[in-house]
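I have placed the structure first, in the form of structure tokens, so that the comments after it can refer back to it.
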Amino acid sequence: MKHNIRLQLFRKLKKENCFWSYDVSKMKSISDEALIEHVLLYLDIDDINKLFPLFGYKKVKRVWLDRVAPQGEMFRPFNILYAWYYFGAKRPESYVKSIETRHLNRITAA
């Protein structure tokens with residue numbers, strides 16, 4: 001069952017041309033983290049809701065924190081929604097801004 005949901009999400013992402021930077025002719029699969037990231041960035045709420053039973057709350061949140069939330073202004077409205085709706089942030093705008101700032105501080109410190 002979980003494999004079917006994962007495959008369904010993967011196929012939907014391919015159909016929507018979300019893997020524009022990948023050689024899709026050679027793609028048979030994608031890492032869990034990349035799948036979660038792409039679903040959060042490009043698919044709708046119904047598809048995002050499928051991630052939690054498939055991968056678990058902690059893994060989805062970790063991918064969001066590491067790969068999606070730091071992406072800045074372009075995805076900020078989505079990230080504010082995710083912070084509030086999925087991850088229970090009491091002040092989602094401040095929370096997302098702090099994630100972005102921490103990410104930028106890590107990059108500039110390196």
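A note on labels: chains of the structure tokens are A, B, ... as shown, every chain counts residues from 1, and ligands are counted from 1 in their shown order.
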
Residues within 10 Å of stretch 57-71 of chain A, only C-alpha atoms, excluding chain neighbours under 6 positions, as a list in words
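Contacts, in chain order: Asp32, Glu33, Ala34, Leu35, Ile36, Glu37, His38, Leu40, Leu41, Ile48, Leu51, Phe78, Asn79, Ile80, Tyr82, Ala83, Tyr86, Phe87, Tyr95, Val96, Lys97, Ser98, Ile99, Glu100, Thr101, Arg102, His103 and Leu104 of chain A.
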
Please compute the atom CA of A:Phe55-atom CA of A:Pro77 distance, one decimal, in Å.
23.7 Å

Taking the DSSP secondary structure from the backbone, can you list the residues of stretch 12-105 of chain A that are alpha helix (DSSP H), as number ranges by chain?
A: 12-15, 32-42, 45-55, 57-63, 76-85, 92-105

Suppose we keep C-alpha atoms; can you now write the selection as a compact mmCIF listing (two decimals), in the first residue's frame?
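Result file is again_1.txt:
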# COMPACT_ATOMS: atom_id res chain seq x y z
CA LYS A 12 2.28 12.82 -10.43
CA LEU A 13 5.47 14.82 -9.95
CA LYS A 14 6.84 13.47 -13.24
CA LYS A 15 3.60 14.28 -15.05
CA ASP A 32 12.53 9.80 0.23
CA GLU A 33 13.90 13.23 1.05
CA ALA A 34 13.72 14.46 -2.55
CA LEU A 35 10.20 13.08 -2.92
CA ILE A 36 9.02 14.83 0.25
CA GLU A 37 10.69 18.07 -0.82
CA HIS A 38 9.12 18.03 -4.28
CA VAL A 39 5.66 17.16 -2.97
CA LEU A 40 5.85 20.04 -0.48
CA LEU A 41 6.99 22.45 -3.18
CA TYR A 42 4.87 21.44 -6.14
CA ILE A 45 -2.67 19.67 0.11
CA ASP A 46 -4.25 16.28 -0.65
CA ASP A 47 -0.88 14.98 -1.83
CA ILE A 48 0.98 16.57 1.08
CA ASN A 49 -1.40 14.85 3.50
CA LYS A 50 -0.29 11.50 2.05
CA LEU A 51 3.30 12.15 3.15
CA PHE A 52 2.61 11.83 6.88
CA PRO A 53 1.27 8.25 6.96
CA LEU A 54 3.86 7.29 4.36
CA PHE A 55 7.00 8.71 6.02
CA TYR A 57 5.66 13.29 11.03
CA LYS A 58 9.30 13.55 12.15
CA LYS A 59 10.79 12.73 8.76
CA VAL A 60 8.46 15.10 6.88
CA LYS A 61 9.20 17.89 9.34
CA ARG A 62 12.95 17.26 9.13
CA VAL A 63 12.89 17.49 5.33
CA ARG A 76 7.57 31.81 2.19
CA PRO A 77 3.73 31.81 1.91
CA PHE A 78 3.74 28.01 1.59
CA ASN A 79 6.18 27.66 4.47
CA ILE A 80 4.08 29.88 6.72
CA LEU A 81 1.06 27.71 5.93
CA TYR A 82 3.02 24.51 6.62
CA ALA A 83 4.44 25.92 9.86
CA TRP A 84 0.95 26.75 11.12
CA TYR A 85 -1.17 23.94 9.64
CA PRO A 92 4.34 30.89 11.88
CA GLU A 93 5.72 33.99 10.16
CA SER A 94 8.36 34.50 12.85
CA TYR A 95 9.12 30.79 12.94
CA VAL A 96 9.75 30.59 9.19
CA LYS A 97 11.83 33.78 9.26
CA SER A 98 13.99 32.32 12.05
CA ILE A 99 14.54 29.13 10.02
CA GLU A 100 15.61 31.20 7.00
CA THR A 101 17.94 33.33 9.12
CA ARG A 102 19.58 30.30 10.78
CA HIS A 103 20.13 28.75 7.36
CA LEU A 104 21.74 31.91 5.99
CA ASN A 105 23.94 32.22 9.10

Record the distance separating atom CA of A:Ser31 and atom CA of A:Met74, expressed in Å with one decimal.
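If I compute the distance from atom CA of A:Ser31 to atom CA of A:Met74, I get 23.9 Å.
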